[in-house]
Amino acid sequence: MTYIDVPAFTVIDDYNVKDKNGIYHYDTYRESSDYFTKQNKMFISIKNADSGSIESLAYGYAKDKNAAYFEWQKLTGDDPQTFDVFMENELLTGANYFAKDGKSVYINQKIFEKADDSTFKIFNDKYTS
């Protein structure tokens, strides 16, 4: 990782920061040999995201002027201008979250086939329409 440019350093959210050189995601991992005794820390440089326009949305989603992301994986077919998360995600307790743009509904990083973004509703962890 390159050195952080301190004058340009800005916190995006709890796990992401940016400077003039890029965007960085803080994460932890464990290795099998010391899985229960040691938690390793790392910063991951996010490639191709625009640090000048990046916006953290919620539930692992973010967008910049060029693309939308789920857990920093670029979404395919997205329209970043209309991309937003469903506020009903706060009703969910599982690992699936929903977002939409003017063309599609997304469940995490995948397009939810045949879902209509204008009428899609979340009821709970098991039911959507």
# chains A, B, ... in the order shown; residues from 1 in each chain; ligands from 1
$ residues_around --residues "Lys74 of chain A" --least-positions-apart "2" --cutoff "12 Å" --atoms "only C-alpha atoms" --output "ChimeraX atom specification"
/A:46-49,60-64,66-72,76-80,108-110
$ write_last_selection --atoms "N, CA and C atoms" --output "CSV table (one decimal), in the first residue's frame"
chain,number,residue,atom,x,y,z
A,46,ILE,N,-8.8,0.1,-3.0
A,46,ILE,CA,-10.0,-0.1,-3.9
A,46,ILE,C,-9.6,0.4,-5.3
A,47,LYS,N,-9.5,-0.5,-6.2
A,47,LYS,CA,-9.0,-0.1,-7.6
A,47,LYS,C,-10.2,0.5,-8.4
A,48,ASN,N,-9.9,1.5,-9.2
A,48,ASN,CA,-10.8,2.1,-10.1
A,48,ASN,C,-12.0,2.9,-9.6
A,49,ALA,N,-12.1,3.0,-8.3
A,49,ALA,CA,-13.1,3.9,-7.7
A,49,ALA,C,-12.7,5.3,-7.7
A,60,GLY,N,-23.2,-2.1,3.0
A,60,GLY,CA,-22.2,-2.5,2.1
A,60,GLY,C,-22.1,-1.9,0.7
A,61,TYR,N,-23.1,-1.1,0.4
A,61,TYR,CA,-23.2,-0.4,-0.9
A,61,TYR,C,-22.5,0.9,-0.9
A,62,ALA,N,-21.9,1.3,-2.0
A,62,ALA,CA,-21.3,2.6,-2.2
A,62,ALA,C,-21.4,2.9,-3.7
A,63,LYS,N,-21.2,4.2,-4.1
A,63,LYS,CA,-21.2,4.5,-5.5
A,63,LYS,C,-20.3,5.7,-5.7
A,64,ASP,N,-19.9,5.9,-6.9
A,64,ASP,CA,-19.1,7.1,-7.3
A,64,ASP,C,-19.8,7.5,-8.6
A,66,ASN,N,-18.9,6.9,-11.6
A,66,ASN,CA,-18.8,5.9,-12.6
A,66,ASN,C,-19.5,4.6,-12.4
A,67,ALA,N,-19.7,4.2,-11.1
A,67,ALA,CA,-20.2,2.8,-10.9
A,67,ALA,C,-20.7,2.7,-9.5
A,68,ALA,N,-21.4,1.6,-9.2
A,68,ALA,CA,-21.9,1.3,-7.9
A,68,ALA,C,-21.2,0.0,-7.5
A,69,TYR,N,-21.1,-0.2,-6.1
A,69,TYR,CA,-20.3,-1.3,-5.6
A,69,TYR,C,-21.1,-1.9,-4.4
A,70,PHE,N,-20.9,-3.2,-4.3
A,70,PHE,CA,-21.3,-3.9,-3.1
A,70,PHE,C,-20.1,-4.6,-2.5
A,71,GLU,N,-19.8,-4.2,-1.3
A,71,GLU,CA,-18.5,-4.7,-0.6
A,71,GLU,C,-17.3,-4.5,-1.5
A,72,TRP,N,-17.3,-3.4,-2.2
A,72,TRP,CA,-16.2,-3.0,-3.1
A,72,TRP,C,-16.0,-3.8,-4.3
A,76,THR,N,-22.4,-5.0,-12.1
A,76,THR,CA,-22.6,-4.9,-13.5
A,76,THR,C,-23.9,-4.4,-13.9
A,77,GLY,N,-23.9,-3.6,-14.9
A,77,GLY,CA,-25.2,-3.0,-15.5
A,77,GLY,C,-25.8,-1.9,-14.6
A,78,ASP,N,-25.0,-1.4,-13.7
A,78,ASP,CA,-25.6,-0.4,-12.8
A,78,ASP,C,-25.6,1.0,-13.4
A,79,ASP,N,-26.5,1.8,-12.9
A,79,ASP,CA,-26.6,3.3,-13.3
A,79,ASP,C,-26.3,4.1,-12.0
A,80,PRO,N,-25.1,4.5,-11.8
A,80,PRO,CA,-24.8,5.2,-10.5
A,80,PRO,C,-25.5,6.5,-10.3
A,108,ASN,N,-27.5,-8.1,-2.9
A,108,ASN,CA,-26.0,-8.0,-2.7
A,108,ASN,C,-25.4,-7.6,-4.0
A,109,GLN,N,-24.5,-8.3,-4.6
A,109,GLN,CA,-23.9,-7.9,-5.8
A,109,GLN,C,-24.5,-8.4,-7.1
A,110,LYS,N,-25.6,-9.2,-7.0
A,110,LYS,CA,-26.2,-9.8,-8.2
A,110,LYS,C,-27.5,-9.1,-8.6
$ select_by_dssp --residues "chain A" --states "strand (DSSP E or B)" --output "ChimeraX atom specification"
/A:10-13,16-19,22-29,40-46,55-58,61-63,68-70,73-74,84-85,98-100,105-107,110-111,122,128
$ write_last_selection --atoms "C-alpha atoms" --output "short mmCIF file (atom, residue, chain, number, x, y, z; two decimals), in the first residue's frame"
data_model
loop_
_atom_site.label_atom_id
_atom_site.label_comp_id
_atom_site.auth_asym_id
_atom_site.auth_seq_id
_atom_site.Cartn_x
_atom_site.Cartn_y
_atom_site.Cartn_z
CA THR A 10 -10.89 11.78 4.89
CA VAL A 11 -12.99 9.16 6.65
CA ILE A 12 -15.82 7.86 4.44
CA ASP A 13 -17.45 5.57 7.03
CA ASN A 16 -13.35 3.14 4.55
CA VAL A 17 -11.04 6.10 4.12
CA LYS A 18 -9.75 8.10 1.17
CA ASP A 19 -6.99 10.50 0.25
CA GLY A 22 -7.28 6.46 -3.67
CA ILE A 23 -9.81 4.70 -1.46
CA TYR A 24 -8.87 2.14 1.19
CA HIS A 25 -11.00 -0.44 2.99
CA TYR A 26 -10.06 -1.63 6.49
CA ASP A 27 -10.68 -5.31 7.15
CA THR A 28 -9.56 -8.11 9.43
CA TYR A 29 -8.75 -11.72 8.77
CA ASN A 40 -4.83 -9.64 11.62
CA LYS A 41 -5.58 -6.19 10.24
CA MET A 42 -5.18 -4.92 6.68
CA PHE A 43 -6.04 -2.06 4.36
CA ILE A 44 -7.17 -2.95 0.86
CA SER A 45 -6.73 -0.41 -1.91
CA ILE A 46 -9.96 -0.11 -3.92
CA GLU A 55 -20.30 8.00 -1.43
CA SER A 56 -20.97 5.32 1.17
CA LEU A 57 -24.66 4.43 1.11
CA ALA A 58 -25.39 1.65 3.64
CA TYR A 61 -23.17 -0.44 -0.87
CA ALA A 62 -21.31 2.57 -2.24
CA LYS A 63 -21.25 4.55 -5.47
CA ALA A 68 -21.90 1.29 -7.89
CA TYR A 69 -20.32 -1.28 -5.56
CA PHE A 70 -21.31 -3.94 -3.06
CA GLN A 73 -17.07 -5.32 -5.92
CA LYS A 74 -18.25 -3.33 -8.93
CA ASP A 84 -29.78 3.72 -4.07
CA VAL A 85 -30.41 1.19 -1.32
CA PHE A 98 -31.21 -4.93 -1.65
CA ALA A 99 -30.51 -1.91 -3.84
CA LYS A 100 -31.84 -0.56 -7.12
CA VAL A 105 -32.91 -4.55 -8.46
CA TYR A 106 -29.81 -5.99 -6.80
CA ILE A 107 -29.54 -8.58 -4.06
CA LYS A 110 -26.17 -9.79 -8.19
CA ILE A 111 -29.04 -8.58 -10.33
CA ILE A 122 -39.25 -5.88 0.95
CA THR A 128 -40.29 -9.68 -1.28
#
$ atom_distance --atom1 "atom CA of Met87 of chain A" --atom2 "atom CA of Phe120 of chain A"
12.3 Å
$ residues_around --residues "Lys20 of chain A" --least-positions-apart "2" --cutoff "9 Å" --atoms "only C-alpha atoms" --output "list in words"
Ile4, Asp5, Pro7, Ala8, Phe9, Lys18, Gly22, Ile23, Ser51 and Gly52 of chain A
$ closest_residue --among "A:Tyr3, A:Tyr15, A:Phe36, A:Tyr59" --to "Ala95 of chain A" --atoms "only C-alpha atoms"
A:Tyr59
$ atom_distance --atom1 "atom CA of Ala115 of chain A" --atom2 "atom CA of Thr93 of chain A"
21.3 Å
$ atom_distance --atom1 "atom CA of Asn21 of chain A" --atom2 "atom CA of Asp101 of chain A"
28.3 Å
